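Undergrad: See query_22.cif below, with mmCIF, C-alpha atoms (C1' of nucleotides).
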```
data_query
loop_
_atom_site.label_atom_id
_atom_site.label_comp_id
_atom_site.auth_asym_id
_atom_site.auth_seq_id
_atom_site.Cartn_x
_atom_site.Cartn_y
_atom_site.Cartn_z
CA MET A 6 106.31 84.42 116.95
CA ASN A 7 103.59 82.27 115.43
CA SER A 8 102.95 82.71 111.80
CA PHE A 9 100.12 85.16 111.71
CA PHE A 10 98.70 83.37 108.75
CA GLU A 11 98.33 80.49 111.15
CA GLN A 12 96.62 82.73 113.65
CA ASN A 13 94.51 84.02 110.84
CA ALA A 14 93.03 80.86 109.62
CA SER A 15 92.50 79.90 113.24
CA LEU A 16 90.75 83.21 113.72
CA LEU A 17 88.33 82.10 111.05
CA LEU A 18 88.08 78.41 111.81
CA LYS A 19 87.93 78.43 115.58
CA ASN A 20 85.32 81.12 115.98
CA PRO A 21 82.16 79.10 116.76
CA GLU A 22 79.65 81.54 115.34
CA LEU A 23 81.57 81.53 112.07
CA VAL A 24 81.63 77.82 111.48
CA ASP A 25 78.10 77.76 110.07
CA VAL A 26 78.70 80.77 107.91
CA PHE A 27 81.82 79.29 106.42
CA GLU A 28 80.27 75.90 105.93
CA ASN A 29 77.79 77.55 103.65
CA LEU A 30 80.25 79.73 101.79
CA MET A 31 83.32 77.56 101.55
CA SER A 32 83.76 74.51 99.40
CA ILE A 33 86.25 71.71 99.90
CA GLU A 34 88.59 71.32 96.95
CA LYS A 35 91.39 68.89 96.19
CA TYR A 36 94.30 69.54 93.84
CA PRO A 37 97.26 67.36 92.89
CA LYS A 38 100.87 68.42 93.41
CA HIS A 39 102.02 70.96 90.77
CA HIS A 40 98.46 72.17 90.11
CA LEU A 41 98.23 75.93 89.63
CA LEU A 42 95.50 77.34 91.88
CA HIS A 43 96.03 80.70 90.24
CA GLU A 44 97.80 81.72 87.06
CA ALA A 45 99.59 85.01 86.43
CA GLY A 46 97.68 87.39 84.16
CA LYS A 47 94.29 86.48 85.60
CA ILE A 48 92.26 88.16 88.28
CA CYS A 49 92.31 86.12 91.46
CA ASN A 50 88.78 85.42 92.63
CA ASP A 51 89.37 82.98 95.44
CA MET A 52 91.01 82.74 98.81
CA TYR A 53 91.99 79.37 100.23
CA ILE A 54 92.46 77.96 103.68
CA ILE A 55 94.76 74.95 103.46
CA THR A 56 93.65 71.90 105.41
CA SER A 57 96.32 69.58 104.03
CA GLY A 58 99.49 70.21 102.01
CA ILE A 59 101.72 73.14 101.13
CA ALA A 60 101.40 75.78 98.43
CA ARG A 61 103.49 78.71 97.28
CA VAL A 62 103.02 82.09 95.62
CA PHE A 63 105.64 82.74 92.92
CA TYR A 64 106.31 84.70 89.76
CA TYR A 65 108.79 84.95 86.95
CA LYS A 66 111.32 87.72 86.86
CA GLU A 67 113.22 87.44 83.58
CA ASP A 68 112.80 83.65 83.42
CA LYS A 69 113.82 83.26 87.04
CA ASP A 70 111.24 81.57 89.24
CA ILE A 71 110.87 83.62 92.43
CA SER A 72 108.90 82.30 95.42
CA CYS A 73 107.46 84.99 97.64
CA HIS A 74 105.16 83.15 100.03
CA PHE A 75 104.54 79.67 101.42
CA SER A 76 101.44 78.47 103.22
CA ALA A 77 100.76 75.16 104.95
CA GLU A 78 97.97 73.61 107.01
CA GLN A 79 95.75 76.11 108.85
CA GLU A 80 97.14 78.98 106.83
CA THR A 81 95.46 81.05 104.13
CA ILE A 82 96.73 81.66 100.63
CA THR A 83 95.70 83.89 97.73
CA THR A 84 97.33 86.32 95.30
CA ILE A 85 96.32 89.08 97.59
CA ASP A 86 97.15 92.09 95.40
CA SER A 87 94.82 90.79 92.71
CA PHE A 88 92.21 89.56 95.17
CA ILE A 89 92.02 92.97 96.82
CA GLN A 90 92.41 95.23 93.81
CA ARG A 91 90.47 93.12 91.33
CA LYS A 92 93.16 93.38 88.71
CA LYS A 93 95.55 91.01 86.96
CA SER A 94 98.32 89.60 89.07
CA LYS A 95 101.85 88.68 88.07
CA TYR A 96 101.80 86.02 90.76
CA ASN A 97 100.93 82.32 90.48
CA ILE A 98 99.86 79.91 93.20
CA GLU A 99 101.16 76.35 92.95
CA ALA A 100 100.48 73.22 95.00
CA LEU A 101 103.82 71.90 96.26
CA GLU A 102 102.12 68.80 97.67
CA ASP A 103 98.73 67.23 97.04
CA LEU A 104 96.43 69.85 98.45
CA GLU A 105 93.14 69.94 100.31
CA VAL A 106 91.69 73.40 100.77
CA LEU A 107 88.62 75.35 101.71
CA LYS A 108 87.79 77.85 99.01
CA ILE A 109 85.85 81.10 99.34
CA SER A 110 85.17 83.54 96.53
CA HIS A 111 85.88 87.24 96.64
CA SER A 112 82.24 88.11 96.07
CA ASP A 113 81.00 85.82 98.84
CA LEU A 114 83.55 87.33 101.18
CA GLU A 115 82.52 90.87 100.23
CA ASN A 116 78.87 89.97 100.74
CA LEU A 117 79.73 88.52 104.11
CA PHE A 118 81.48 91.74 105.10
CA GLU A 119 78.46 93.76 104.05
CA SER A 120 75.97 91.43 105.75
CA ASN A 121 77.20 92.16 109.24
CA PRO A 122 79.74 94.57 110.76
CA LYS A 123 81.24 91.79 112.84
CA TYR A 124 82.54 90.15 109.67
CA GLU A 125 83.78 93.46 108.38
CA ARG A 126 85.67 93.73 111.65
CA LEU A 127 87.05 90.24 111.23
CA GLY A 128 88.29 91.22 107.80
CA ARG A 129 90.04 94.22 109.25
CA LEU A 130 91.65 92.17 112.01
CA PHE A 131 92.78 89.61 109.46
CA LEU A 132 94.46 92.33 107.42
CA GLN A 133 96.12 93.72 110.53
CA GLN A 134 97.64 90.32 111.21
CA ILE A 135 99.01 89.75 107.75
CA TYR A 136 100.27 93.33 107.65
CA ILE A 137 102.41 92.76 110.74
CA ASP A 138 103.81 89.64 109.14
CA LEU A 139 104.90 91.59 106.07
CA VAL A 140 106.61 94.17 108.28
CA GLU A 141 108.66 91.35 109.79
CA ARG A 142 109.59 90.06 106.37
CA ILE A 143 110.75 93.51 105.26
CA ASP A 144 112.85 93.69 108.38
CA ASP A 145 114.51 90.42 107.41
CA LEU A 146 115.13 91.44 103.81
CA GLN A 147 116.24 94.98 104.61
CA LEU A 148 119.18 94.23 106.82
CA LYS A 149 119.85 90.62 107.55
CA THR A 150 122.62 88.65 105.87
CA ALA A 151 121.86 85.52 103.85
CA GLN A 152 122.95 83.44 106.84
CA GLU A 153 120.65 85.35 109.21
CA ARG A 154 117.68 85.15 106.87
CA TYR A 155 118.22 81.40 106.64
CA GLU A 156 118.31 81.06 110.43
CA THR A 157 115.23 83.22 110.85
CA LEU A 158 113.20 81.11 108.43
CA LEU A 159 114.50 77.87 109.92
CA ALA A 160 113.32 79.05 113.33
CA LYS A 161 109.94 80.24 112.08
CA LYS A 162 109.01 77.50 109.62
CA PRO A 163 111.35 74.52 110.06
CA TYR A 164 108.95 72.17 108.26
CA LEU A 165 109.55 73.97 104.97
CA PHE A 166 113.09 72.55 104.90
CA GLN A 167 111.69 69.03 105.11
CA ARG A 168 108.83 69.43 102.72
CA ILE A 169 109.75 71.65 99.79
CA ALA A 170 112.59 72.00 97.27
CA SER A 171 115.59 74.03 98.40
CA LYS A 172 115.53 76.13 95.27
CA HIS A 173 112.18 77.57 96.34
CA ILE A 174 113.52 78.42 99.76
CA ALA A 175 116.58 80.00 98.14
CA SER A 176 114.58 82.37 95.96
CA PHE A 177 112.32 83.23 98.90
CA LEU A 178 115.41 84.14 100.93
CA SER A 179 116.74 86.08 97.96
CA ILE A 180 119.86 83.98 97.51
CA THR A 181 121.02 81.44 94.91
CA PRO A 182 120.57 77.69 95.45
CA GLU A 183 124.37 77.42 95.55
CA THR A 184 124.66 79.89 98.40
CA LEU A 185 121.85 78.19 100.31
CA SER A 186 123.56 74.85 99.88
CA ARG A 187 126.79 76.27 101.28
CA ILE A 188 124.98 77.84 104.23
CA ARG A 189 123.22 74.56 105.04
CA GLY A 190 126.54 72.73 104.95
CA LYS A 191 127.51 75.01 107.87
CA MET B 3 101.98 103.97 90.81
CA ASN B 4 100.85 106.57 93.37
CA SER B 5 101.94 106.03 96.89
CA PHE B 6 99.00 104.33 98.47
CA PHE B 7 99.68 106.25 101.65
CA GLU B 8 98.85 109.26 99.59
CA GLN B 9 95.66 107.62 98.41
CA ASN B 10 94.95 106.70 101.98
CA ALA B 11 95.08 110.05 103.56
CA SER B 12 93.07 111.33 100.62
CA LEU B 13 90.61 108.55 101.28
CA LEU B 14 90.15 110.03 104.73
CA LEU B 15 90.42 113.72 103.96
CA LYS B 16 88.42 113.95 100.79
CA ASN B 17 85.41 111.98 101.91
CA PRO B 18 82.85 114.75 102.66
CA GLU B 19 80.88 112.88 105.29
CA LEU B 20 84.09 112.26 107.17
CA VAL B 21 85.29 115.82 107.41
CA ASP B 22 83.06 116.63 110.39
CA VAL B 23 83.93 113.42 112.16
CA PHE B 24 87.62 114.03 111.79
CA GLU B 25 87.37 117.66 112.79
CA ASN B 26 86.03 116.50 116.09
CA LEU B 27 88.50 113.70 116.61
CA MET B 28 91.70 115.06 115.16
CA SER B 29 93.83 117.81 116.60
CA ILE B 30 96.30 119.97 114.74
CA GLU B 31 99.83 119.62 116.13
CA LYS B 32 103.12 121.26 115.23
CA TYR B 33 106.55 119.83 115.90
CA PRO B 34 110.02 121.19 115.12
CA LYS B 35 112.53 119.32 112.95
CA HIS B 36 114.21 116.48 114.85
CA HIS B 37 111.27 116.08 117.25
CA LEU B 38 110.44 112.45 118.04
CA LEU B 39 106.72 111.86 117.53
CA HIS B 40 107.18 108.38 118.91
CA GLU B 41 110.00 106.79 120.88
CA ALA B 42 111.05 103.14 120.75
CA GLY B 43 110.02 101.15 123.80
CA LYS B 44 106.69 102.91 124.19
CA ILE B 45 103.26 101.92 122.96
CA CYS B 46 102.22 104.07 120.04
CA ASN B 47 98.84 105.65 120.72
CA ASP B 48 98.53 108.04 117.83
CA MET B 49 98.28 108.09 114.09
CA TYR B 50 99.19 111.21 112.14
CA ILE B 51 98.21 112.67 108.82
CA ILE B 52 100.94 115.03 107.69
CA THR B 53 99.76 118.37 106.34
CA SER B 54 103.22 119.90 106.06
CA GLY B 55 106.72 118.44 106.29
CA ILE B 56 108.35 115.02 106.16
CA ALA B 57 108.80 112.37 108.83
CA ARG B 58 110.44 108.97 108.99
CA VAL B 59 110.09 105.70 110.89
CA PHE B 60 113.46 104.29 111.99
CA TYR B 61 115.11 102.05 114.53
CA TYR B 62 118.52 101.06 115.78
CA LYS B 63 120.06 97.76 114.81
CA GLU B 64 123.32 97.42 116.72
CA ASP B 65 123.93 101.18 116.80
CA LYS B 66 123.10 101.53 113.12
CA ASP B 67 120.23 103.90 112.35
CA ILE B 68 117.86 102.18 109.90
CA SER B 69 115.07 104.11 108.19
CA CYS B 70 112.14 101.97 107.14
CA HIS B 71 109.46 104.43 106.08
CA PHE B 72 109.05 108.03 104.95
CA SER B 73 105.83 110.04 104.83
CA ALA B 74 105.20 113.51 103.44
CA GLU B 75 102.20 115.78 102.91
CA GLN B 76 98.85 113.98 102.59
CA GLU B 77 100.34 110.75 103.86
CA THR B 78 99.79 109.00 107.18
CA ILE B 79 102.44 107.89 109.62
CA THR B 80 102.48 105.80 112.80
CA THR B 81 104.47 102.92 114.26
CA ILE B 82 101.87 100.61 112.96
CA ASP B 83 102.94 97.35 114.62
CA SER B 84 102.61 99.00 118.02
CA PHE B 85 99.50 100.95 117.10
CA ILE B 86 97.75 97.77 115.98
CA GLN B 87 99.04 95.31 118.55
CA ARG B 88 99.10 97.67 121.54
CA LYS B 89 102.61 96.64 122.49
CA LYS B 90 106.02 98.28 122.68
CA SER B 91 107.64 99.13 119.39
CA LYS B 92 111.30 99.15 118.47
CA TYR B 93 110.54 101.89 115.96
CA ASN B 94 110.82 105.66 116.39
CA ILE B 95 109.13 108.43 114.41
CA GLU B 96 111.17 111.56 113.73
CA ALA B 97 110.32 114.86 112.09
CA LEU B 98 112.80 115.45 109.26
CA GLU B 99 111.40 118.92 108.67
CA ASP B 100 109.23 121.20 110.78
CA LEU B 101 105.99 119.31 110.85
CA GLU B 102 102.29 120.09 110.87
CA VAL B 103 100.06 117.09 111.42
CA LEU B 104 96.55 115.98 112.24
CA LYS B 105 96.61 113.59 115.17
CA ILE B 106 94.08 110.92 116.07
CA SER B 107 94.33 108.53 119.00
CA HIS B 108 94.01 104.77 118.79
CA SER B 109 91.04 104.76 121.14
CA ASP B 110 89.19 107.44 119.20
CA LEU B 111 89.79 105.52 116.01
CA GLU B 112 88.59 102.25 117.58
CA ASN B 113 85.49 104.01 118.87
CA LEU B 114 84.88 105.41 115.43
CA PHE B 115 85.11 101.93 113.94
CA GLU B 116 82.63 100.62 116.47
CA SER B 117 80.27 103.54 116.07
CA ASN B 118 79.40 102.78 112.48
CA PRO B 119 80.21 99.95 110.05
CA LYS B 120 81.10 102.42 107.33
CA TYR B 121 84.13 103.52 109.35
CA GLU B 122 85.03 99.93 110.06
CA ARG B 123 84.95 99.44 106.32
CA LEU B 124 87.11 102.47 105.76
CA GLY B 125 89.62 101.04 108.22
CA ARG B 126 89.68 97.79 106.28
CA LEU B 127 90.14 99.57 102.95
CA PHE B 128 92.94 101.63 104.44
CA LEU B 129 94.73 98.47 105.56
CA GLN B 130 94.26 96.93 102.14
CA GLN B 131 95.99 99.89 100.58
CA ILE B 132 98.98 99.93 102.87
CA TYR B 133 99.26 96.15 102.56
CA ILE B 134 99.64 96.39 98.79
CA ASP B 135 102.34 99.00 99.31
CA LEU B 136 104.31 96.66 101.54
CA VAL B 137 104.05 93.90 98.95
CA GLU B 138 105.68 96.25 96.44
CA ARG B 139 108.45 97.08 98.86
CA ILE B 140 109.16 93.39 99.46
CA ASP B 141 109.34 92.91 95.73
CA ASP B 142 111.97 95.63 95.55
CA LEU B 143 114.03 94.29 98.42
CA GLN B 144 113.75 90.64 97.42
CA LEU B 145 115.29 90.81 93.99
CA LYS B 146 116.32 94.20 92.79
CA THR B 147 119.95 95.36 92.78
CA ALA B 148 121.04 98.43 94.70
CA GLN B 149 120.97 100.37 91.44
CA GLU B 150 117.42 99.22 90.64
CA ARG B 151 116.12 99.96 94.13
CA TYR B 152 117.57 103.46 93.80
CA GLU B 153 115.87 103.99 90.45
CA THR B 154 112.55 102.66 91.74
CA LEU B 155 112.54 105.03 94.70
CA LEU B 156 113.66 107.95 92.56
CA ALA B 157 110.70 107.29 90.26
CA LYS B 158 108.19 106.86 93.09
CA LYS B 159 109.26 109.60 95.49
CA PRO B 160 111.71 111.95 93.76
CA TYR B 161 111.13 114.69 96.35
CA LEU B 162 112.84 112.60 99.01
CA PHE B 163 116.17 113.14 97.26
CA GLN B 164 115.73 116.91 97.53
CA ARG B 165 114.39 117.06 101.04
CA ILE B 166 116.11 114.51 103.28
CA ALA B 167 119.65 113.37 104.09
CA SER B 168 121.14 110.75 101.77
CA LYS B 169 122.13 108.53 104.65
CA HIS B 170 118.46 107.98 105.46
CA ILE B 171 117.70 107.04 101.89
CA ALA B 172 120.69 104.69 101.89
CA SER B 173 119.53 102.73 104.94
CA PHE B 174 115.99 102.61 103.55
CA LEU B 175 117.36 101.11 100.33
CA SER B 176 119.49 98.74 102.37
CA ILE B 177 122.82 100.03 101.09
CA THR B 178 125.67 102.04 102.61
CA PRO B 179 125.93 105.82 102.13
CA GLU B 180 129.12 105.19 100.15
CA THR B 181 127.38 102.90 97.69
CA LEU B 182 124.48 105.33 97.30
CA SER B 183 126.92 108.16 96.62
CA ARG B 184 128.58 106.07 93.90
CA ILE B 185 125.24 105.17 92.33
CA ARG B 186 124.15 108.81 92.30
CA GLY B 187 127.42 109.79 90.62
CA LYS B 188 126.29 107.54 87.74
"C1'" DA C 18 131.14 135.51 109.13
"C1'" DA C 19 133.72 132.05 111.45
"C1'" DT C 20 133.82 127.84 113.79
"C1'" DT C 21 132.17 123.36 114.58
"C1'" DC C 22 129.84 119.42 113.51
"C1'" DT C 23 127.74 116.42 110.37
"C1'" DT C 24 127.26 114.49 105.92
"C1'" DC C 25 128.97 113.37 101.44
"C1'" DT C 26 132.43 111.76 98.28
"C1'" DT C 27 136.29 109.09 96.68
"C1'" DG C 28 139.94 105.57 96.89
"C1'" DA C 29 141.95 101.17 98.32
"C1'" DC C 30 140.86 96.92 99.88
"C1'" DA C 31 137.93 93.12 101.90
"C1'" DA C 32 133.85 90.37 102.40
"C1'" DT C 33 129.76 88.49 100.68
"C1'" DT C 34 127.23 86.53 97.28
"C1'" DA C 35 126.60 85.35 92.29
"C1'" DT C 36 127.87 82.85 88.14
"C1'" DC C 37 129.42 79.01 85.60
"C1'" DA C 38 130.51 74.29 85.33
"C1'" DA C 39 130.41 69.48 86.32
"C1'" DG C 40 129.49 65.58 88.96
"C1'" DA C 41 126.46 63.44 92.77
"C1'" DA C 42 122.16 62.65 94.64
"C1'" DA C 43 117.41 62.54 94.54
"C1'" DT C 44 113.06 62.36 92.30
"C1'" DT C 45 109.98 61.08 88.62
"C1'" DA C 46 108.67 58.43 84.77
"C1'" DT C 47 108.92 54.22 82.10
"C1'" DA D 10 114.02 48.34 88.92
"C1'" DT D 11 116.02 51.23 85.46
"C1'" DA D 12 116.32 55.26 82.84
"C1'" DA D 13 115.55 60.05 82.46
"C1'" DT D 14 115.09 64.33 84.48
"C1'" DT D 15 115.63 67.56 87.96
"C1'" DT D 16 117.83 69.23 91.97
"C1'" DC D 17 121.71 69.64 94.98
"C1'" DT D 18 126.53 70.16 95.99
"C1'" DT D 19 131.21 71.72 95.39
"C1'" DG D 20 135.01 74.28 93.23
"C1'" DA D 21 136.93 78.16 90.68
"C1'" DT D 22 136.26 82.70 89.50
"C1'" DA D 23 133.80 87.19 89.00
"C1'" DA D 24 130.73 90.86 90.34
"C1'" DT D 25 128.58 93.53 93.76
"C1'" DT D 26 128.54 95.82 97.81
"C1'" DG D 27 130.70 96.81 102.36
"C1'" DT D 28 134.45 98.71 105.34
"C1'" DC D 29 137.81 101.93 106.59
"C1'" DA D 30 140.00 106.21 105.99
"C1'" DA D 31 140.58 110.98 104.85
"C1'" DG D 32 139.44 115.10 102.73
"C1'" DA D 33 135.54 118.14 100.71
"C1'" DA D 34 131.25 120.05 101.07
"C1'" DG D 35 127.35 121.44 103.50
"C1'" DA D 36 124.59 122.70 107.62
"C1'" DA D 37 124.19 124.37 112.21
"C1'" DT D 38 125.81 127.15 116.03
"C1'" DT D 39 128.04 131.04 118.05
#
```
Output the file's structure in the form of C-alpha cells.

TA:
Amino acid sequence: MNSFFEQNASLLLKNPELVDVFENLMSIEKYPKHHLLHEAGKICNDMYIITSGIARVFYYKEDKDISCHFSAEQETITTIDSFIQRKKSKYNIEALEDLEVLKISHSDLENLFESNPKYERLGRLFLQQIYIDLVERIDDLQLKTAQERYETLLAKKPYLFQRIASKHIASFLSITPETLSRIRGK
Amino acid sequence: MNSFFEQNASLLLKNPELVDVFENLMSIEKYPKHHLLHEAGKICNDMYIITSGIARVFYYKEDKDISCHFSAEQETITTIDSFIQRKKSKYNIEALEDLEVLKISHSDLENLFESNPKYERLGRLFLQQIYIDLVERIDDLQLKTAQERYETLLAKKPYLFQRIASKHIASFLSITPETLSRIRGK
DNA sequence: AATTCTTCTTGACAATTATCAAGAAATTAT
DNA sequence: ATAATTTCTTGATAATTGTCAAGAAGAATT
C-alpha cells in the first residue's frame, strides 16, 4: 500500500552500510520552484532522492502538458527511460515546490553496481519495487472510471491534493480539469 | 520498437555462456490450449520462456475477464508481481494455443543470481527492459484514444490479431468487444 | 456433417467524459 | 495592497465509448 518509491528511497537511505557510500557519491542540491531538473530532448544523467519538496515528470503531447509521475520527500525521481537507456527523453522533470535533493549520477551508480554485487542486488531490488508500482498504475488506467482513479490516488497520495495544482492531477488521472473539478465537488 | 520481452528472452537465450546454465536449470514443458500455467490466489513459482505458442496474463474484475499481457515465441511470461513479491496473485496465466515453454523456478533463479554477479546483473538488465515496456503501455493507456491504442498494438504485435480472440485484445486495450469490432470495420 | 456453443457484428440508445465559454477564485508580480 | 495572470468552477453542448439485444459467423463437439 505504501508508495514503493517511498520504500525505495528508504531502502537506500536507511541501510547503514550504504550511508557512507552515498555520502561520497551524492551531492545535496537546491532548486527553486518551477526549475527544470531535466529537459526533454536531453539524456538524463542523474537520479534524485527528494529530501524536501515535490517534483513531477511531464511531457507535451500536442501542446497539452501531461504529468505522468509525482515524487515527494523520501522518494526518488528521474526520467527513467532515458536514465536507463542512455538516450534522449521526451519527459521533463519540474520542481513543483522549492526542492532539496540528493543527486547521484548514472556513471557513479553504474560504478557502484560494478564495485560490489551487493549494490548490483540493491539495484535489482529497486527496479522490482518500481516495476510493481507501474503494474498497479496500469491496473488503474486500464479499467477504473475517472471517479475510481480519483479515489485511488486520494487514498494513496492525499498530500498531492493539498500541495500541487489540480490541472497536474487531472492530466495524471487522464481526465480534464473540468471533470476533476466536478468529481471533487462530489 | 521491438517488444522488449522479445529482447529479453533473446538476452537470455542468445548469450553463449548462459546456454549451459539454463540447460541445467530449465525444463521443457508442454501444455494444451486453455491450460492454466498459473491460477489466481496462488504464489507464482515459475517463469516461462515460450518456444512455441501464445499465452496471456488475465484476471477477473467483477466477473469481467481482463487480459493484461500477451507473450509469444521468444518472450517470457510469469505473474510477475507474485513471482517477485512471493505473495498471492490475482492474475492467471492461460495458454491461448498449444504451448511449448522453458520453465525456471524462482528459487533456481535466485540461486543463480547469488551464484555469480554477472547473473545478478542480467536480472537487473532484464528488469530494466520490462520496466521500459510498462512505461510505454502507460503512455498508451493514459492519453491515447481507443482508435490510437488499436493502431499502436496493431503496429507492435500484428500477429495477435491473427492468432487470438478479439475479446482478449479488446479488454487489453480497455475497450468493449463491440467498440473494437467497430474500429476494425474502419 | 450436424449440432451446439462461443464469438463477432450491427443497431438503437444511454452513460461518461470532453470541449467551449465565461465568470470566480486563487496565485503571482508590481 | 493592487493589478495581472493563471487556475478553478460551472453550465451548455458534443463526442466518444459503453450497454443491451439479436442475428451472423466461426469454432468445437458429437

Undergrad: Could you list, as a ChimeraX atom specification, every residue matched by the PyMOL selection byres ((chain B and resi 185) around 10) in this structure?

TA: /B:148-150,152-153,179-184,186-188

Undergrad: Considering all atoms listed in the file, return as a PyMOL selection string whatever protein or nucleic-acid residues lie within 10 Å of range 28-32 of chain C, sequence-local ones (same chain, fewer than 5 positions apart) excluded.

TA: chain D and resi 26-31

Undergrad: Please return, as a list in words, all residues of chain D lying within 10 Å of chain A when only C-alpha atoms (C1' of nucleotides) are considered.

TA: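 Selected residues: DT16, DC17, DT18 and DT19 of chain D.
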
Undergrad: Counting all atoms listed in the file, which residues sit no farther than 7 Å from the position (103.6, 112.2, 108.6) in the file's frame? I'd like them as a list in words.

TA: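 Those within range, by chain then number, are Tyr50, Ile51, Ile52, Ile56, Ala57, Ser73, Ala74, Glu75, Glu77, Thr78, Ile79 and Val103 of chain B.
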
Undergrad: Provide the CA of Met31 in chain A to CA of Leu107 in chain A distance in Å, to one decimal place.

TA: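 Computing the Euclidean distance for CA of Met31 in chain A and CA of Leu107 in chain A yields 5.7 Å.
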
Undergrad: Report as a count of residues only the residues that result from applying the PyMOL selection byres ((chain A) within 9 of (chain B)) to the structure here.

TA: 36

Undergrad: Exactly which residues make up the result of the PyMOL selection byres ((chain C) within 9 of (chain A)) on this file, given as a count of residues only?

TA: 3

Undergrad: Between CA of Ile45 in chain B and CA of Asp110 in chain B, what is the spacing in Å?

TA: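 Between these atoms lies a distance of 15.6 Å.
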
Undergrad: Using CA of Leu98 in chain B and CA of His36 in chain B as the two end points, give the distance in Å to one decimal.

TA: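 Going from CA of Leu98 in chain B over to CA of His36 in chain B, I get 5.9 Å.
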
Undergrad: Taking (87.0, 82.3, 98.5) in the file's coordinates as the center, which residues reach within 6 Å of it, counting all atoms listed in the file, put as a ChimeraX atom specification?

TA: /A:51-52,108-111

Undergrad: Any idea what's packed within 8 Å of His74 in chain A, counting all atoms listed in the file, ignoring anything in its chain fewer than 3 positions away? Could you give it as a VMD selection string?

TA: chain A and resid 61 to 63 177

Undergrad: Using only C-alpha atoms, find the one residue out of A:Ile169, A:Val26, A:Leu104, A:Ala160 that sits nearest to His40 in chain A.

TA: A:Leu104

Undergrad: What lies within 12 Å of DG32 in chain D using all atoms listed in the file, ignoring chain neighbours under 4 positions off, as a PyMOL selection string?

TA: chain C and resi 25-28
